[in-house]
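Next comes entry_39.txt, a file with compact mmCIF, C-alpha atoms.
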```
# COMPACT_ATOMS: atom_id res chain seq x y z
CA MET Q 20 163.90 207.94 70.47
CA ASN Q 21 166.97 208.44 72.70
CA TRP Q 22 167.69 206.61 75.95
CA GLU Q 23 166.44 209.47 78.10
CA MET Q 24 163.05 209.45 76.37
CA PHE Q 25 162.91 205.64 76.52
CA TYR Q 26 163.43 205.58 80.28
CA LEU Q 27 160.98 208.41 80.83
CA THR Q 28 158.33 206.58 78.79
CA CYS Q 29 158.82 203.40 80.85
CA PHE Q 30 158.52 205.40 84.05
CA LEU Q 31 155.34 207.17 82.98
CA VAL Q 32 153.72 203.95 81.72
CA GLY Q 33 154.52 202.14 84.96
CA VAL Q 34 153.27 204.92 87.22
CA THR Q 35 150.15 205.57 85.13
CA LEU Q 36 149.08 201.90 85.01
CA SER Q 37 149.68 201.55 88.75
CA LEU Q 38 147.52 204.60 89.50
CA VAL Q 39 144.76 203.50 87.12
CA ALA Q 40 144.69 200.04 88.73
CA PHE Q 41 144.66 201.50 92.25
CA VAL Q 42 141.99 204.13 91.61
CA GLY Q 43 139.80 201.90 89.45
CA GLY Q 44 140.02 198.96 91.79
CA SER Q 45 141.04 196.68 88.92
CA LEU Q 46 144.11 195.30 90.66
CA HIS Q 47 142.61 191.91 91.39
CA LEU Q 48 145.43 189.48 91.96
CA PRO Q 49 145.38 185.70 92.14
CA HIS Q 50 146.22 184.74 95.68
CA MET Q 51 146.62 182.05 98.24
CA HIS Q 52 143.71 181.43 100.56
CA PHE Q 53 142.64 178.91 103.11
CA HIS Q 54 139.07 177.92 103.80
CA LEU Q 55 137.66 175.98 106.71
CA SER Q 56 134.06 174.90 106.33
CA HIS Q 57 131.77 175.02 109.31
CA GLY Q 58 128.15 175.22 110.34
CA HIS Q 59 126.96 172.26 108.23
CA VAL Q 60 125.85 168.81 109.22
CA ALA Q 61 126.57 165.79 107.06
CA ILE Q 62 123.38 164.28 105.69
CA PRO Q 63 123.59 160.70 104.41
CA GLY Q 64 122.76 160.68 100.71
CA ALA Q 65 122.27 164.43 100.50
CA GLY Q 66 125.85 165.45 99.75
CA GLY Q 67 125.44 168.49 101.95
CA GLY Q 68 128.17 167.92 104.54
CA HIS Q 69 131.67 169.15 103.93
CA ALA Q 70 134.74 169.96 105.90
CA GLY Q 71 138.42 170.54 105.30
CA ILE Q 72 140.80 173.05 103.83
CA ALA Q 73 140.60 174.30 100.26
CA ARG Q 74 143.66 176.02 98.92
CA GLY Q 75 143.53 178.56 96.15
CA PRO Q 76 146.24 179.38 93.57
CA GLU Q 77 149.37 181.16 94.77
CA MET Q 78 150.08 184.64 93.51
CA PRO Q 79 152.56 184.48 90.60
CA VAL Q 80 155.76 186.51 90.82
CA PHE Q 81 155.09 188.06 87.42
CA ASN Q 82 151.76 189.84 87.73
CA PHE Q 83 150.29 193.25 86.96
CA ALA Q 84 151.54 194.85 90.17
CA THR Q 85 155.15 193.65 89.92
CA ILE Q 86 155.41 194.41 86.19
CA THR Q 87 154.18 198.00 86.59
CA ALA Q 88 156.47 198.45 89.61
CA PHE Q 89 159.43 197.22 87.56
CA LEU Q 90 158.62 199.64 84.73
CA ALA Q 91 158.31 202.59 87.11
CA TRP Q 92 161.56 201.91 89.02
CA PHE Q 93 163.46 200.86 85.90
CA GLY Q 94 162.37 203.94 83.97
CA GLY Q 95 162.85 206.37 86.85
CA THR Q 96 166.35 205.15 87.68
CA GLY Q 97 167.40 205.01 84.04
CA TYR Q 98 166.07 208.52 83.36
CA LEU Q 99 167.86 210.08 86.36
CA LEU Q 100 171.16 208.37 85.61
CA THR Q 101 171.00 209.25 81.92
CA ARG Q 102 170.21 212.88 82.67
CA HIS Q 103 172.44 213.51 85.68
CA SER Q 104 175.41 211.13 85.40
CA SER Q 105 178.22 210.35 83.02
CA LEU Q 106 177.90 206.56 83.27
CA LEU Q 107 178.08 204.43 80.14
CA VAL Q 108 174.84 203.24 78.57
CA VAL Q 109 175.54 199.63 79.58
CA ALA Q 110 176.13 200.62 83.21
CA ILE Q 111 172.93 202.66 83.30
CA ILE Q 112 170.94 199.75 81.89
CA PHE Q 113 172.42 197.48 84.57
CA PHE Q 114 171.53 199.86 87.42
CA ALA Q 115 168.06 200.49 85.95
CA ILE Q 116 167.31 196.77 85.75
CA ALA Q 117 168.59 196.25 89.30
CA ALA Q 118 166.35 199.07 90.52
CA GLY Q 119 163.37 197.66 88.62
CA VAL Q 120 163.85 194.20 90.10
CA SER Q 121 164.22 195.71 93.58
CA GLY Q 122 161.03 197.74 93.21
CA ALA Q 123 159.05 194.74 91.92
CA THR Q 124 160.39 192.60 94.78
CA ILE Q 125 159.35 195.17 97.39
CA VAL Q 126 155.84 195.40 95.93
CA PHE Q 127 155.53 191.61 95.76
CA TRP Q 128 156.73 191.22 99.36
CA PHE Q 129 154.34 193.92 100.58
CA ILE Q 130 151.34 192.29 98.88
CA VAL Q 131 152.14 188.83 100.21
CA LYS Q 132 153.12 190.00 103.69
CA PHE Q 133 150.39 192.54 104.43
CA LEU Q 134 147.56 192.36 101.88
CA LEU Q 135 147.10 188.62 101.38
CA THR Q 136 147.67 187.57 104.98
CA HIS Q 137 144.11 188.46 105.95
CA ASP Q 138 142.57 187.84 102.55
CA GLN Q 139 140.07 185.02 102.17
CA ALA Q 140 138.36 184.02 99.00
CA LEU Q 141 134.67 183.27 98.95
CA ASP Q 142 133.78 179.63 98.60
CA PRO Q 143 130.33 178.74 97.19
CA ALA Q 144 130.24 175.81 99.64
CA ASP Q 145 130.03 178.33 102.49
CA TYR Q 146 126.62 179.42 101.24
CA ASP Q 147 125.19 175.99 100.47
CA ARG Q 148 122.03 175.71 102.56
CA VAL Q 149 121.86 171.92 102.42
CA GLY Q 150 122.88 170.55 105.81
CA VAL Q 151 122.22 173.79 107.68
CA LEU Q 152 120.66 173.52 111.15
CA GLY Q 153 117.68 175.85 111.55
CA ARG Q 154 114.62 176.55 113.63
CA VAL Q 155 111.03 176.90 112.47
CA ILE Q 156 109.80 180.47 113.10
CA SER Q 157 106.51 180.21 111.21
CA THR Q 158 104.61 176.94 111.60
CA ILE Q 159 104.89 174.58 108.64
CA ARG Q 160 101.42 173.11 108.18
CA GLU Q 161 100.89 169.63 106.77
CA GLY Q 162 101.64 169.81 103.06
CA GLY Q 163 102.10 173.57 103.37
CA THR Q 164 104.84 176.16 103.60
CA GLY Q 165 106.28 177.92 106.61
CA GLU Q 166 109.49 179.72 107.44
CA ILE Q 167 112.78 178.84 109.12
CA MET Q 168 115.65 180.86 110.55
CA PHE Q 169 119.27 179.74 110.43
CA SER Q 170 122.77 181.12 110.88
CA GLN Q 171 125.27 181.06 108.02
CA GLU Q 172 128.67 182.75 107.79
CA GLY Q 173 127.95 184.68 110.99
CA THR Q 174 124.62 186.16 109.89
CA ARG Q 175 121.02 185.16 110.61
CA GLN Q 176 118.89 184.41 107.59
CA THR Q 177 115.35 183.29 106.93
CA CYS Q 178 113.69 181.48 104.05
CA GLY Q 179 110.50 179.68 103.15
CA ALA Q 180 110.43 176.01 104.08
CA ARG Q 181 108.46 172.83 103.60
CA SER Q 182 108.59 169.53 105.42
CA GLU Q 183 110.44 166.87 103.44
CA ASP Q 184 107.82 164.24 104.29
CA GLY Q 185 104.85 166.61 104.22
CA LYS Q 186 104.25 166.49 107.97
CA ALA Q 187 103.42 169.55 110.04
CA LEU Q 188 106.26 171.17 112.01
CA ALA Q 189 105.52 173.44 114.94
CA ARG Q 190 107.17 176.77 115.60
CA GLY Q 191 110.45 176.41 117.50
CA THR Q 192 111.21 172.95 116.09
CA GLU Q 193 114.85 172.33 115.19
CA VAL Q 194 115.24 171.11 111.63
CA ILE Q 195 117.89 170.24 109.07
CA VAL Q 196 117.76 171.43 105.47
CA THR Q 197 117.95 168.34 103.25
CA ARG Q 198 117.55 170.12 99.91
CA TYR Q 199 117.01 173.62 98.59
CA GLU Q 200 115.06 174.25 95.41
CA HIS Q 201 113.45 177.31 93.83
CA GLY Q 202 113.89 179.42 96.94
CA LEU Q 203 112.37 176.86 99.29
CA ALA Q 204 114.18 174.77 101.89
CA TYR Q 205 112.96 171.22 102.39
CA VAL Q 206 113.58 170.17 105.98
CA ARG Q 207 113.50 167.22 108.33
CA LEU Q 208 113.39 167.07 112.12
CA TRP Q 209 116.86 167.34 113.64
CA ASP Q 210 116.08 164.69 116.27
CA GLU Q 211 114.74 162.33 113.62
CA LEU Q 212 117.82 162.68 111.47
CA ALA Q 213 120.18 162.33 114.44
CA ASP Q 214 118.43 159.15 115.59
CA SER Q 215 118.55 157.73 112.07
CA HIS Q 216 122.25 158.48 111.76
CA GLU Q 217 122.98 156.94 115.19
CA ALA Q 218 121.05 153.79 114.21
CA ASP Q 219 123.08 153.44 111.01
CA ARG Q 220 126.32 153.72 112.99
CA THR Q 221 125.15 151.07 115.44
CA VAL Q 222 124.27 148.64 112.64
CA ASN Q 223 127.61 149.20 110.94
```
The structure in this file should be written as structure tokens.
Amino acid sequence: MNWEMFYLTCFLVGVTLSLVAFVGGSLHLPHMHFHLSHGHVAIPGAGGGHAGIARGPEMPVFNFATITAFLAWFGGTGYLLTRHSSLLVVAIIFFAIAAGVSGATIVFWFIVKFLLTHDQALDPADYDRVGVLGRVISTIREGGTGEIMFSQEGTRQTCGARSEDGKALARGTEVIVTRYEHGLAYVRLWDELADSHEADRTVN
């Protein structure tokens, strides 16, 4: 294999892998993200409250996108210089590497600057129903099951619910989810929980 064929092969491999990743949607890169929890109420002993910022891993410099970009630019530059210039092999290699590094840098900068700026990873804690404030929409009879509605991550949701202490809860009552098991939310009165929490603070 001569240098011209070597550069052409690198170019074709780089371009082909980039297109396959783009079309197939397989270009899933590790990235930096920030998460701010909201919409939950801390429940003493339930472990349902959470708040703060969770930071994900930063995107590495050497990743699928930058490597394929390097191959494409390195191979393309090397092929053109080998075919259409009289430069020495060493000089062509130098310019090809410089072009490859430049191409990879541009791709990396574009991803970080434009694609990851608005990217946000999903956090399972965002969908934890424990601690969610809801409202009874179908009366929960004593020892029975009803239904509640609540808002989570900007959408309204409903689910079956039971009273934590077995008491009846009328429609329209504000409740807090204290635990969630087998598709059912176990709830307590919001006022009752707030009063209990305030009493604990006063004692302490």
All residues 10 Å or closer to Asp210 in chain Q, all atoms listed in the file, same chain fewer than 6 positions away omitted, as an mmCIF file with C-alpha atoms, in the frame of the given file:
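To be explicit, this is the file written out as around.cif:
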```cif
data_model
loop_
_atom_site.group_PDB
_atom_site.id
_atom_site.type_symbol
_atom_site.label_atom_id
_atom_site.label_comp_id
_atom_site.auth_asym_id
_atom_site.auth_seq_id
_atom_site.Cartn_x
_atom_site.Cartn_y
_atom_site.Cartn_z
ATOM 1 C CA THR Q 192 111.210 172.950 116.090
ATOM 2 C CA GLU Q 193 114.850 172.330 115.190
ATOM 3 C CA VAL Q 194 115.240 171.110 111.630
ATOM 4 C CA ILE Q 195 117.890 170.240 109.070
ATOM 5 C CA HIS Q 216 122.250 158.480 111.760
#
```
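CA of Phe89 in chain Q is positioned 8.1 Å from CA of Ile116 in chain Q.
In terms of minimum interatomic distance to Trp128 in chain Q, Q:Val80 ranks closest within Q:Leu107, Q:Val32, Q:Val206, Q:Val80, counting all atoms listed in the file.
If you look at CA of Tyr26 in chain Q and CA of Ser121 in chain Q, they are 16.6 Å away from each other.
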*Using all atoms listed in the file, can you list as a ChimeraX atom specification the residues within 12 Å of (167.5, 206.8, 87.0)?*
/Q:22-27,29-30,90-106,108,110-119
*Could you please determine the separation between CA of Leu188 in chain Q and CA of Glu200 in chain Q in Å, to one decimal place?*
19.0 Å
_Selected residue of minimal separation from Cys178 in chain Q among Q:Ile125, Q:Val196, Q:Ala84, Q:Met20, counting only C-alpha atoms_ = Q:Val196
*Selected residue of minimal separation from Arg148 in chain Q among Q:Val126, Q:Val109, Q:Ala204, Q:Leu38, counting only C-alpha atoms*: Q:Ala204
*Can you find the residues with an atom no farther than 12 Å from (118.7, 173.0, 110.5), counting all atoms listed in the file, and report them as a PyMOL selection string?*
chain Q and resi 58-62+67+148-156+166-171+176-178+180+182+191-198+204-213
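If all atoms listed in the file are the atoms counted, then among Q:Gly33, Q:Pro79, Q:Gly202, Q:Gly163 the closest residue to Asp184 in chain Q is Q:Gly163.
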_Residues within 9 Å of Lys186 in chain Q, please, as number ranges by chain. Count only C-alpha atoms; anything in the same chain fewer than 5 positions from it doesn't count._
Q: 159-163, 181
